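Coordinates from final05.txt are shown below (compact mmCIF, C-alpha atoms).
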```
# COMPACT_ATOMS: atom_id res chain seq x y z
CA MET A 44 137.07 104.55 69.07
CA LYS A 45 138.42 107.21 71.44
CA HIS A 46 138.02 106.95 75.21
CA ARG A 47 135.34 109.47 76.17
CA ILE A 48 136.05 111.46 79.33
CA VAL A 49 133.24 113.72 80.50
CA VAL A 50 133.79 116.34 83.20
CA LEU A 51 130.59 117.62 84.83
CA GLY A 52 131.04 121.17 86.07
CA ALA A 53 133.67 123.80 85.34
CA GLY A 54 134.31 125.27 88.76
CA TYR A 55 137.75 125.22 90.34
CA ALA A 56 137.91 121.40 90.42
CA GLY A 57 136.41 120.68 87.00
CA ALA A 58 138.09 123.48 85.05
CA PHE A 59 141.55 122.57 86.35
CA ALA A 60 140.95 118.84 85.87
CA ALA A 61 139.89 119.16 82.23
CA GLY A 62 143.02 121.13 81.39
CA ASN A 63 145.20 118.71 83.33
CA LEU A 64 143.78 115.73 81.45
CA ALA A 65 144.26 117.50 78.11
CA ARG A 66 147.88 118.20 79.05
CA ARG A 67 148.66 114.60 79.83
CA LEU A 68 146.58 112.41 77.49
CA SER A 69 146.99 112.05 73.75
CA PRO A 70 144.09 113.49 71.72
CA ALA A 71 144.55 110.56 69.35
CA ASP A 72 143.07 108.26 72.01
CA THR A 73 140.87 110.47 74.17
CA GLU A 74 137.95 112.85 73.80
CA ILE A 75 137.47 115.25 76.71
CA THR A 76 134.16 117.10 77.14
CA VAL A 77 133.34 119.64 79.85
CA VAL A 78 129.66 120.23 80.66
CA ASN A 79 128.75 123.47 82.39
CA ALA A 80 125.48 125.35 82.73
CA ALA A 81 127.02 128.84 82.45
CA PRO A 82 129.27 130.14 79.66
CA ASP A 83 131.71 131.84 82.06
CA PHE A 84 134.11 130.55 84.68
CA VAL A 85 132.94 131.74 88.09
CA GLU A 86 135.56 132.70 90.68
CA ARG A 87 133.59 131.45 93.64
CA MET A 88 136.22 132.69 96.10
CA ARG A 89 135.40 136.24 94.97
CA LEU A 90 131.61 136.07 95.05
CA HIS A 91 131.42 138.00 98.33
CA GLN A 92 133.27 140.77 96.49
CA VAL A 93 130.75 140.60 93.64
CA ALA A 94 127.90 140.89 96.13
CA ALA A 95 129.59 143.91 97.72
CA GLY A 96 129.55 145.70 94.36
CA GLN A 97 133.11 145.14 93.18
CA GLU A 98 134.02 144.19 89.63
CA THR A 99 135.83 140.90 89.05
CA ALA A 100 137.23 139.35 85.90
CA ARG A 101 134.91 137.31 83.65
CA ARG A 102 136.38 134.53 81.55
CA LYS A 103 134.39 132.77 78.85
CA LEU A 104 134.94 129.03 78.97
CA SER A 105 134.96 128.97 75.17
CA ASP A 106 138.06 131.18 75.29
CA VAL A 107 139.62 129.16 78.09
CA TYR A 108 139.44 125.90 76.15
CA ALA A 109 140.07 127.32 72.66
CA GLY A 110 142.88 125.36 71.02
CA THR A 111 143.17 122.83 73.86
CA GLY A 112 141.18 120.01 72.27
CA VAL A 113 138.70 120.12 75.18
CA ARG A 114 135.08 120.23 74.02
CA LEU A 115 132.67 122.53 75.83
CA ARG A 116 128.98 121.64 76.19
CA LEU A 117 126.83 124.41 77.67
CA ALA A 118 123.99 122.58 79.35
CA ARG A 119 122.54 121.77 82.75
CA VAL A 120 122.92 118.23 84.11
CA THR A 121 119.51 116.78 84.99
CA GLY A 122 120.32 113.12 85.54
CA LEU A 123 122.85 110.32 85.41
CA ASP A 124 122.54 106.67 84.32
CA PRO A 125 125.73 104.92 85.48
CA GLU A 126 124.64 101.55 84.06
CA ARG A 127 124.31 102.95 80.54
CA ARG A 128 127.13 105.45 81.15
CA THR A 129 125.05 108.40 80.05
CA VAL A 130 124.37 111.89 81.38
CA ALA A 131 121.00 113.59 80.82
CA LEU A 132 121.26 117.27 79.87
CA THR A 133 119.07 120.20 79.05
CA GLY A 134 120.22 123.28 77.18
CA GLU A 135 119.24 125.81 74.55
CA ASN A 136 118.26 123.04 72.15
CA GLY A 137 116.20 121.16 74.71
CA PRO A 138 116.96 117.85 76.42
CA GLY A 139 119.82 115.67 75.30
CA GLU A 140 122.16 112.89 76.34
CA LEU A 141 125.93 112.48 76.51
CA SER A 142 127.76 109.15 76.75
CA TYR A 143 131.01 108.58 78.62
CA ASP A 144 133.59 105.92 79.38
CA THR A 145 135.05 107.80 82.36
CA LEU A 146 133.08 110.42 84.27
CA LEU A 147 134.56 113.09 86.53
CA TYR A 148 131.77 114.54 88.66
CA THR A 149 132.55 118.09 89.88
CA LEU A 150 129.16 119.78 90.09
CA GLY A 151 130.02 121.63 93.29
CA SER A 152 127.51 122.81 95.89
CA SER A 153 124.90 125.45 96.66
CA ALA A 154 123.59 127.11 99.82
CA ALA A 155 122.13 124.73 102.40
CA HIS A 156 119.01 126.13 104.06
CA HIS A 157 118.62 123.19 106.49
CA GLY A 158 114.85 123.38 106.27
CA VAL A 159 114.74 126.72 108.09
CA PRO A 160 111.38 128.35 107.26
CA GLY A 161 111.75 131.37 105.01
CA ALA A 162 115.47 130.93 104.37
CA ALA A 163 115.03 129.85 100.76
CA GLU A 164 112.28 132.41 100.09
CA TYR A 165 113.63 135.53 101.78
CA ALA A 166 117.38 135.14 102.34
CA TYR A 167 120.15 135.89 99.86
CA ASP A 168 123.43 134.00 99.49
CA VAL A 169 126.80 134.11 97.72
CA ALA A 170 127.08 130.44 96.76
CA GLY A 171 126.72 131.19 93.04
CA LEU A 172 127.10 134.06 90.60
CA GLY A 173 123.36 134.55 90.12
CA PRO A 174 122.61 134.76 93.85
CA ALA A 175 125.60 137.08 94.42
CA LEU A 176 124.38 139.45 91.70
CA ARG A 177 120.86 139.45 93.14
CA LEU A 178 122.27 140.38 96.55
CA ARG A 179 124.39 143.09 94.92
CA GLU A 180 121.32 144.63 93.31
CA ARG A 181 119.34 144.48 96.55
CA LEU A 182 122.11 146.15 98.55
CA ALA A 183 122.40 148.94 95.99
CA GLY A 184 118.78 149.85 96.62
CA LEU A 185 118.97 150.03 100.41
CA ARG A 186 118.62 153.29 102.29
CA GLU A 187 121.33 154.69 104.56
CA GLY A 188 121.31 152.90 107.91
CA ALA A 189 119.48 149.82 106.62
CA SER A 190 120.28 146.56 108.39
CA VAL A 191 121.99 143.51 106.86
CA LEU A 192 122.21 140.28 108.86
CA VAL A 193 124.67 137.55 107.81
CA VAL A 194 123.72 134.14 109.20
CA GLY A 195 126.64 131.78 109.72
CA GLU A 196 130.07 132.17 111.31
CA GLY A 197 132.05 130.00 108.89
CA LEU A 198 134.57 131.24 106.36
CA THR A 199 131.91 132.47 103.92
CA GLY A 200 129.95 134.27 106.62
CA ILE A 201 133.00 136.06 107.98
CA GLU A 202 134.26 137.09 104.55
CA THR A 203 130.82 138.26 103.46
CA ALA A 204 130.13 140.29 106.60
CA THR A 205 133.48 142.11 106.52
CA GLU A 206 133.34 142.73 102.76
CA LEU A 207 129.84 144.19 102.94
CA ALA A 208 130.71 146.35 105.94
CA GLU A 209 133.81 147.74 104.25
CA SER A 210 132.12 148.39 100.88
CA HIS A 211 128.88 149.75 102.39
CA PRO A 212 129.87 151.72 105.51
CA GLY A 213 126.43 153.33 105.59
CA LEU A 214 124.73 150.01 106.30
CA SER A 215 124.33 148.36 109.71
CA VAL A 216 125.89 144.90 109.32
CA GLY A 217 125.45 142.10 111.84
CA LEU A 218 126.39 138.43 112.02
CA ALA A 219 124.48 135.65 113.77
CA ALA A 220 126.78 132.86 115.02
CA ARG A 221 125.54 129.57 116.44
CA GLY A 222 128.60 129.49 118.69
CA GLU A 223 131.51 131.79 119.47
CA LEU A 224 132.91 133.86 116.63
CA GLY A 225 136.24 132.39 115.48
CA ALA A 226 136.19 129.69 118.15
CA TRP A 227 138.23 127.39 115.89
CA LEU A 228 141.05 129.93 115.52
CA SER A 229 144.09 130.29 117.76
CA PRO A 230 143.69 132.88 120.54
CA ARG A 231 145.76 135.56 118.77
CA ALA A 232 144.01 135.00 115.43
CA ARG A 233 140.65 135.17 117.18
CA SER A 234 141.61 138.50 118.72
CA HIS A 235 142.65 139.75 115.27
CA LEU A 236 139.30 138.68 113.84
CA ARG A 237 137.33 140.38 116.61
CA ALA A 238 139.37 143.57 116.18
CA ALA A 239 138.46 143.60 112.49
CA PHE A 240 134.76 143.20 113.30
CA ASP A 241 135.00 146.04 115.81
CA ARG A 242 136.79 148.24 113.27
CA PHE A 243 134.02 147.68 110.71
CA GLY A 244 131.30 148.17 113.32
CA ILE A 245 129.81 144.70 112.75
CA THR A 246 127.44 143.58 115.49
CA VAL A 247 128.03 139.94 116.48
CA HIS A 248 125.20 137.84 117.92
CA GLU A 249 126.97 134.83 119.42
CA HIS A 250 125.26 131.60 120.48
CA THR A 251 122.36 132.63 118.28
CA ALA A 252 120.70 130.03 116.10
CA VAL A 253 118.23 131.38 113.54
CA GLU A 254 115.08 129.26 113.23
CA ALA A 255 113.09 131.39 110.78
CA VAL A 256 113.67 134.11 108.21
CA GLU A 257 111.04 136.71 107.38
CA PRO A 258 111.10 139.59 104.88
CA THR A 259 112.45 142.15 107.37
CA ARG A 260 113.75 140.10 110.27
CA ALA A 261 115.17 136.82 111.51
CA VAL A 262 113.82 134.91 114.51
CA THR A 263 116.16 132.96 116.78
CA VAL A 264 115.54 129.67 118.57
CA GLY A 265 115.02 131.58 121.81
CA GLY A 266 112.41 133.84 120.20
CA THR A 267 114.64 136.90 119.89
CA VAL A 268 113.88 139.03 116.83
CA LEU A 269 116.85 140.37 114.84
CA PRO A 270 115.80 143.21 112.48
CA ALA A 271 117.15 142.66 108.96
CA ASP A 272 116.20 144.53 105.83
CA VAL A 273 118.37 141.91 104.11
CA THR A 274 119.32 138.49 105.43
CA VAL A 275 122.34 136.78 103.88
CA TRP A 276 122.37 133.01 104.41
CA SER A 277 125.82 131.46 104.78
CA ALA A 278 125.12 128.61 107.17
CA GLY A 279 126.60 125.82 105.08
CA PHE A 280 126.54 124.18 101.66
CA ALA A 281 124.68 121.26 100.09
CA VAL A 282 125.17 119.15 96.96
CA ASP A 283 122.60 118.25 94.33
CA SER A 284 120.79 114.90 94.63
CA ILE A 285 121.76 113.79 91.10
CA ALA A 286 124.40 111.30 92.30
CA ALA A 287 122.16 109.85 95.00
CA ASP A 288 119.21 109.59 92.61
CA ALA A 289 121.42 107.69 90.16
CA GLY A 290 122.25 105.04 92.75
CA LEU A 291 125.85 106.00 93.48
CA GLU A 292 127.04 105.39 97.01
CA VAL A 293 126.79 108.69 98.84
CA ALA A 294 127.40 109.91 102.37
CA GLY A 295 124.70 111.46 104.54
CA THR A 296 125.66 114.80 103.00
CA GLY A 297 124.81 113.51 99.51
CA GLN A 298 128.49 113.63 98.50
CA ILE A 299 129.87 110.74 96.44
CA VAL A 300 131.87 108.34 98.61
CA VAL A 301 135.29 107.86 97.01
CA ASP A 302 138.45 105.90 97.70
CA GLY A 303 141.94 107.36 97.99
CA THR A 304 142.08 107.98 94.23
CA MET A 305 138.74 109.85 94.14
CA ARG A 306 137.05 106.87 92.47
CA SER A 307 133.46 106.08 93.40
CA LEU A 308 133.28 103.06 95.70
CA SER A 309 130.14 101.84 93.98
CA HIS A 310 130.82 102.75 90.33
CA PRO A 311 134.45 102.48 89.17
CA ASP A 312 133.84 104.48 85.97
CA VAL A 313 132.94 107.54 88.05
CA TYR A 314 135.34 109.86 89.86
CA ALA A 315 134.44 112.87 92.00
CA ALA A 316 136.34 115.97 93.05
CA GLY A 317 135.60 119.21 94.86
CA ASP A 318 132.59 119.81 97.10
CA CYS A 319 130.65 116.80 95.81
CA ALA A 320 133.35 114.28 96.84
CA TYR A 321 133.27 112.62 100.26
CA ALA A 322 137.03 112.16 100.57
CA ILE A 323 138.91 111.19 103.72
CA GLY A 324 141.97 113.33 104.35
CA ASP A 325 145.28 112.31 105.88
CA ASN A 326 143.86 113.21 109.30
CA GLY A 327 141.16 110.54 108.96
CA ARG A 328 138.38 113.10 108.61
CA PRO A 329 136.32 114.15 105.57
CA LEU A 330 137.81 117.05 103.68
CA PRO A 331 135.75 120.23 104.12
CA MET A 332 133.98 121.85 101.20
CA SER A 333 136.53 124.44 100.10
CA CYS A 334 138.68 125.61 97.21
CA ALA A 335 141.70 123.99 98.87
CA SER A 336 139.92 120.64 98.88
CA ALA A 337 138.96 121.14 95.24
CA GLY A 338 142.64 121.46 94.37
CA LEU A 339 143.68 118.40 96.34
CA THR A 340 140.93 116.14 95.02
CA ASN A 341 141.09 117.18 91.36
CA LEU A 342 144.85 116.52 91.25
CA ARG A 343 144.34 113.08 92.81
CA ALA A 344 141.47 112.26 90.44
CA THR A 345 143.27 113.31 87.24
CA ALA A 346 146.43 111.44 88.27
CA ALA A 347 144.41 108.28 88.83
CA ILE A 348 142.49 108.58 85.55
CA VAL A 349 145.70 109.06 83.57
CA ALA A 350 147.43 106.20 85.34
CA ARG A 351 144.60 103.75 84.84
CA LEU A 352 144.24 104.56 81.17
CA THR A 353 147.95 104.46 80.37
CA GLY A 354 149.16 101.66 82.62
CA GLY A 355 150.98 103.90 85.08
CA THR A 356 151.12 104.21 88.86
CA VAL A 357 149.18 106.80 90.81
CA PRO A 358 151.74 109.02 92.59
CA ALA A 359 151.63 109.28 96.36
CA THR A 360 150.04 112.71 96.81
CA GLY A 361 148.65 113.63 100.20
CA LEU A 362 145.19 114.83 101.14
CA LYS A 363 146.34 117.11 103.93
CA TYR A 364 144.32 120.14 104.91
CA PHE A 365 146.80 122.84 105.93
CA GLY A 366 144.59 125.63 107.18
CA ASN A 367 142.17 128.46 106.46
CA HIS A 368 142.76 131.76 104.70
CA ILE A 369 140.06 134.30 105.54
CA SER A 370 139.68 137.69 103.87
CA LEU A 371 138.62 140.55 106.13
CA GLY A 372 137.91 143.17 103.52
CA ARG A 373 140.45 144.17 100.88
CA SER A 374 143.45 145.01 103.08
CA ASP A 375 143.19 142.56 105.96
CA ALA A 376 143.03 138.80 106.34
CA VAL A 377 143.88 135.90 108.63
CA PHE A 378 145.85 132.82 107.59
CA GLN A 379 145.51 130.12 110.26
CA MET A 380 147.48 126.89 109.96
CA VAL A 381 146.08 123.68 111.46
CA GLY A 382 147.78 120.51 112.62
CA GLY A 383 147.06 116.87 111.82
CA ASP A 384 144.27 116.82 114.41
CA VAL A 385 142.65 119.83 112.66
CA ARG A 386 143.38 121.98 115.69
CA SER A 387 144.66 125.48 115.03
CA LYS A 388 148.37 126.01 115.57
CA SER A 389 149.44 128.75 117.95
CA TRP A 390 150.80 131.06 115.24
CA TYR A 391 149.01 132.81 112.39
CA VAL A 392 149.60 135.45 109.73
CA GLY A 393 147.34 138.49 109.79
CA GLY A 394 146.90 141.98 108.40
CA ARG A 395 148.12 143.28 105.07
CA THR A 396 150.65 140.44 104.65
CA ALA A 397 147.89 137.83 104.90
CA ALA A 398 145.72 139.88 102.51
CA GLN A 399 148.54 139.94 99.97
CA LEU A 400 148.99 136.19 100.32
CA LYS A 401 145.27 135.67 99.70
CA ALA A 402 145.41 137.97 96.67
CA GLY A 403 148.29 135.89 95.33
CA VAL A 404 146.31 132.68 95.76
CA LEU A 405 143.35 134.18 93.90
CA LYS A 406 145.50 135.50 91.06
CA GLY A 407 147.29 132.15 90.79
CA ALA A 408 143.99 130.29 90.52
CA GLU A 409 142.73 132.77 87.92
CA TRP A 410 145.90 132.40 85.85
CA GLY A 411 145.73 128.62 86.04
CA ILE A 412 142.15 128.63 84.76
CA ALA A 413 143.06 131.01 81.94
CA HIS A 414 145.94 128.75 80.82
CA PRO A 415 144.52 125.22 81.22
CA THR A 416 147.16 123.49 79.10
CA PHE A 417 150.22 125.59 79.96
CA GLY A 418 153.36 123.56 79.40
CA LEU A 419 151.57 121.18 77.03
CA PRO A 420 154.06 118.39 76.28
CA THR A 421 154.93 117.60 72.69
CA ARG A 422 154.29 113.92 73.38
CA ARG A 423 151.32 113.08 75.56
CA ARG A 424 150.65 109.64 76.97
CA ARG A 425 148.75 107.15 74.85
CA VAL A 426 145.86 105.09 76.14
CA GLU A 427 146.50 101.36 76.21
CA ALA A 428 144.02 99.51 74.01
CA ASP A 429 142.93 96.99 76.67
CA ARG A 430 142.21 99.80 79.13
CA SER A 431 140.20 102.08 76.86
CA ARG A 432 136.86 100.90 78.25
CA THR A 433 137.54 99.29 81.63
CA GLY A 434 140.24 101.57 82.97
CA GLY A 435 142.26 98.52 84.05
CA PRO A 436 143.97 97.90 87.39
CA VAL A 437 146.40 100.33 88.93
CA THR A 438 148.92 100.38 91.75
CA VAL A 439 148.50 103.19 94.24
CA GLN A 440 151.61 104.35 96.04
CA GLY A 441 151.11 105.22 99.67
CA ALA A 442 147.44 104.17 99.83
CA ARG A 443 146.06 104.72 103.32
CA HIS A 444 144.10 102.20 105.32
CA GLY A 445 140.38 102.59 104.69
CA GLN A 446 140.86 104.21 101.29
CA ARG A 447 140.15 101.41 98.86
CA SER A 448 141.41 101.43 95.32
CA ARG A 449 140.13 99.17 92.57
```
Translate this structure into structure tokens?
Amino acid sequence: MKHRIVVLGAGYAGAFAAGNLARRLSPADTEITVVNAAPDFVERMRLHQVAAGQETARRKLSDVYAGTGVRLRLARVTGLDPERRTVALTGENGPGELSYDTLLYTLGSSAAHHGVPGAAEYAYDVAGLGPALRLRERLAGLREGASVLVVGEGLTGIETATELAESHPGLSVGLAARGELGAWLSPRARSHLRAAFDRFGITVHEHTAVEAVEPTRAVTVGGTVLPADVTVWSAGFAVDSIAADAGLEVAGTGQIVVDGTMRSLSHPDVYAAGDCAYAIGDNGRPLPMSCASAGLTNLRATAAIVARLTGGTVPATGLKYFGNHISLGRSDAVFQMVGGDVRSKSWYVGGRTAAQLKAGVLKGAEWGIAHPTFGLPTRRRRVEADRSRTGGPVTVQGARHGQRSR
């Protein structure tokens, strides 16, 4: 019987991981299934562009995995039973169940409303394709001079505010920041960011925490009213409770707690990558929810799965977060490197050069998704018979203190 590997979610982490596993494991011994609710791959890093009214490429997952040996199951995950090694699903044909021997959990995240009254009911977001399209439609129907308030000064908030302001110059765009805009950037990068906001005419409300969202306004903690025909919520992300409900060890964020090989500390048949993994980076801190983290964690997870099944050694790959790349419209951006203490370095790349670098990253990710088994070897590694169900022991090169491996 083949070893059944099930990948939950086909975002950046899951889509890359499935192709990577298919590249490296023999189809004679393994059966790889990807479960995803939507038929298309969603470029989450471009969703602020989608919301702004721009067209982006759509790739059907059935085309992506055609000829790779990877099976695609279009369904929504509703539950997990790690003791029985089954996943509960619901799709066009109703509820169903899928069994696995190894599970890679990459279900990603959605907008976190933090219990703020009215945020879920009245605010829009760009955390998924559906929400981004709804925001796009709403913006298209606004009158000249209408107000749009973006709540949140993180990467998503900054990219969304600048993209909307550039694509809709007739709208009045503002951003509500709990602290100082770009406070985590180096001084020169912060000045570049502020200059971009000034150029787009974006009003910044610093040290402004929103405590309620209403249909045409937002109310701050101090009672100040910010008029907003549309409120865009980008104040953080949250993961689904499926893992926690199933009894997996999770952090306070609901993310699955993993060791240095992305393996669940409580359930060794389960791995996690991307936003839903609580992984400790080389700096001793949890990796942030980001595309960069998705790349790091999915490579570590797939390497560990292959090694455990084939009797190999997990290579010593780092979990180092290098920095942040922030788009400021289509022709401007900021690339800010950070050090081991997660403090911004003194230098940065900005302007058109940084925008071109970001465009290259996006195109590279798109190409990688479109060619999941590029360079497919003629001889892929076979699964050892005594490891086909248990995964077996493995040696981890360069394992860091506090990152257990089993």
Nearby residues, (123.4, 126.4, 102.1) file frame, 7 Å, only C-alpha atoms, as a PDB file with C-alpha atoms, in the frame of the given file:
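For reference, part-v3.pdb as written:
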```
ATOM      1  CA  SER A 153     124.900 125.450  96.660  1.00  0.00           C
ATOM      2  CA  ALA A 154     123.590 127.110  99.820  1.00  0.00           C
ATOM      3  CA  ALA A 155     122.130 124.730 102.400  1.00  0.00           C
ATOM      4  CA  HIS A 156     119.010 126.130 104.060  1.00  0.00           C
ATOM      5  CA  SER A 277     125.820 131.460 104.780  1.00  0.00           C
ATOM      6  CA  ALA A 278     125.120 128.610 107.170  1.00  0.00           C
ATOM      7  CA  GLY A 279     126.600 125.820 105.080  1.00  0.00           C
ATOM      8  CA  PHE A 280     126.540 124.180 101.660  1.00  0.00           C
ATOM      9  CA  ALA A 281     124.680 121.260 100.090  1.00  0.00           C
TER      10      ALA A 281
END
```
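Closest to A:Glu223 among A:Arg127, A:His211, A:His235, A:His250 is A:His250, based on all atoms listed in the file.
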Got a sec to check which residues sit within 10 Å of (136.9, 138.4, 91.8), counting only C-alpha atoms, and write them as a PDB file with C-alpha atoms, in the frame of the given file?
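Output saved as selection19.pdb:
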```pdb
ATOM      1  CA  VAL A  85     132.940 131.740  88.090  1.00  0.00           C
ATOM      2  CA  GLU A  86     135.560 132.700  90.680  1.00  0.00           C
ATOM      3  CA  ARG A  87     133.590 131.450  93.640  1.00  0.00           C
ATOM      4  CA  MET A  88     136.220 132.690  96.100  1.00  0.00           C
ATOM      5  CA  ARG A  89     135.400 136.240  94.970  1.00  0.00           C
ATOM      6  CA  LEU A  90     131.610 136.070  95.050  1.00  0.00           C
ATOM      7  CA  HIS A  91     131.420 138.000  98.330  1.00  0.00           C
ATOM      8  CA  GLN A  92     133.270 140.770  96.490  1.00  0.00           C
ATOM      9  CA  VAL A  93     130.750 140.600  93.640  1.00  0.00           C
ATOM     10  CA  GLN A  97     133.110 145.140  93.180  1.00  0.00           C
ATOM     11  CA  GLU A  98     134.020 144.190  89.630  1.00  0.00           C
ATOM     12  CA  THR A  99     135.830 140.900  89.050  1.00  0.00           C
ATOM     13  CA  ALA A 100     137.230 139.350  85.900  1.00  0.00           C
ATOM     14  CA  ARG A 101     134.910 137.310  83.650  1.00  0.00           C
ATOM     15  CA  ALA A 402     145.410 137.970  96.670  1.00  0.00           C
ATOM     16  CA  LEU A 405     143.350 134.180  93.900  1.00  0.00           C
ATOM     17  CA  LYS A 406     145.500 135.500  91.060  1.00  0.00           C
ATOM     18  CA  GLU A 409     142.730 132.770  87.920  1.00  0.00           C
TER      19      GLU A 409
END
```
One residue among A:Ser370, A:Ser387, A:Thr205, A:Thr340 is nearest to A:Phe240 when using all atoms listed in the file, and that residue is A:Thr205
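The shortest atom-to-atom distance to A:Gly372, with all atoms listed in the file taken into account, belongs to A:Ala398 out of A:Ile348, A:Ile75, A:Ala398, A:Val191.
In this structure, atom CA of A:Pro138 sits 17.3 Å away from atom CA of A:Val49.
Closest approach to A:Gly151 among A:Ala347, A:Ile323, A:Val169, A:Ala315 is made by A:Ala315 (distances from all atoms listed in the file).
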Just want the 8 Å neighbourhood of A:Pro82, counted on all atoms listed in the file, with same-chain residues fewer than 6 positions away dropped. Output as a ChimeraX atom specification.
/A:103-105,117
Just give me the gap between atom CA of A:Ala320 and atom CA of A:Ile299 in Å, one decimal is fine.
5.0 Å
Residue neighbourhood A:Leu64, 8 Å, all atoms listed in the file, exclusion window fewer than 4 positions, as a ChimeraX atom specification
/A:60,68,75,345,349
Grab the residues selected above and save them as a compact mmCIF listing (two decimals), keeping the file's coordinate frame with C-alpha atoms.
```txt
# COMPACT_ATOMS: atom_id res chain seq x y z
CA ALA A 60 140.95 118.84 85.87
CA LEU A 68 146.58 112.41 77.49
CA ILE A 75 137.47 115.25 76.71
CA THR A 345 143.27 113.31 87.24
CA VAL A 349 145.70 109.06 83.57
```
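With only C-alpha atoms taken into account, the protein and nucleic acid residues at most 10 Å from A:Arg114 (excluding it and anything under 2 positions from it in its own chain) are A:Val49, A:Ala61, A:Glu74, A:Ile75, A:Thr76, A:Val77, A:Val78, A:Ser105, A:Tyr108, A:Ala109, A:Gly110, A:Thr111, A:Gly112, A:Arg116, A:Leu117.
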Please produce an output containing C-alpha atoms for each residue in the selection, written as a PDB file, in the frame of the given file.
```
ATOM      1  CA  VAL A  49     133.240 113.720  80.500  1.00  0.00           C
ATOM      2  CA  ALA A  61     139.890 119.160  82.230  1.00  0.00           C
ATOM      3  CA  GLU A  74     137.950 112.850  73.800  1.00  0.00           C
ATOM      4  CA  ILE A  75     137.470 115.250  76.710  1.00  0.00           C
ATOM      5  CA  THR A  76     134.160 117.100  77.140  1.00  0.00           C
ATOM      6  CA  VAL A  77     133.340 119.640  79.850  1.00  0.00           C
ATOM      7  CA  VAL A  78     129.660 120.230  80.660  1.00  0.00           C
ATOM      8  CA  SER A 105     134.960 128.970  75.170  1.00  0.00           C
ATOM      9  CA  TYR A 108     139.440 125.900  76.150  1.00  0.00           C
ATOM     10  CA  ALA A 109     140.070 127.320  72.660  1.00  0.00           C
ATOM     11  CA  GLY A 110     142.880 125.360  71.020  1.00  0.00           C
ATOM     12  CA  THR A 111     143.170 122.830  73.860  1.00  0.00           C
ATOM     13  CA  GLY A 112     141.180 120.010  72.270  1.00  0.00           C
ATOM     14  CA  ARG A 116     128.980 121.640  76.190  1.00  0.00           C
ATOM     15  CA  LEU A 117     126.830 124.410  77.670  1.00  0.00           C
TER      16      LEU A 117
END
```
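Distance annotation: of A:Ala261, A:Ala94, A:Val357, A:Val313, the residue with the minimal separation from A:Val50 is A:Val313; atom set is only C-alpha atoms.
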Output as a compact mmCIF listing (two decimals), in the frame of the given file: stretch 228-239 of chain A, completed with N, CA and C atoms.
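Everything below was put into selection18.txt:
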```txt
# COMPACT_ATOMS: atom_id res chain seq x y z
N LEU A 228 139.77 129.29 115.77
CA LEU A 228 141.05 129.93 115.52
C LEU A 228 141.91 129.91 116.78
N SER A 229 143.20 130.15 116.61
CA SER A 229 144.09 130.29 117.76
C SER A 229 143.72 131.57 118.51
N PRO A 230 144.09 131.70 119.77
CA PRO A 230 143.69 132.88 120.54
C PRO A 230 144.09 134.20 119.89
N ARG A 231 145.31 134.30 119.36
CA ARG A 231 145.76 135.56 118.77
C ARG A 231 145.00 135.85 117.46
N ALA A 232 144.77 134.81 116.67
CA ALA A 232 144.01 135.00 115.43
C ALA A 232 142.57 135.39 115.73
N ARG A 233 142.02 134.83 116.79
CA ARG A 233 140.65 135.17 117.18
C ARG A 233 140.58 136.64 117.60
N SER A 234 141.58 137.09 118.32
CA SER A 234 141.61 138.50 118.72
C SER A 234 141.72 139.41 117.50
N HIS A 235 142.52 138.98 116.51
CA HIS A 235 142.65 139.75 115.27
C HIS A 235 141.30 139.83 114.55
N LEU A 236 140.60 138.72 114.50
CA LEU A 236 139.30 138.68 113.84
C LEU A 236 138.31 139.62 114.54
N ARG A 237 138.26 139.55 115.86
CA ARG A 237 137.33 140.38 116.61
C ARG A 237 137.66 141.87 116.44
N ALA A 238 138.97 142.18 116.38
CA ALA A 238 139.37 143.57 116.18
C ALA A 238 138.89 144.08 114.83
N ALA A 239 138.94 143.22 113.82
CA ALA A 239 138.46 143.60 112.49
C ALA A 239 136.96 143.86 112.52
```
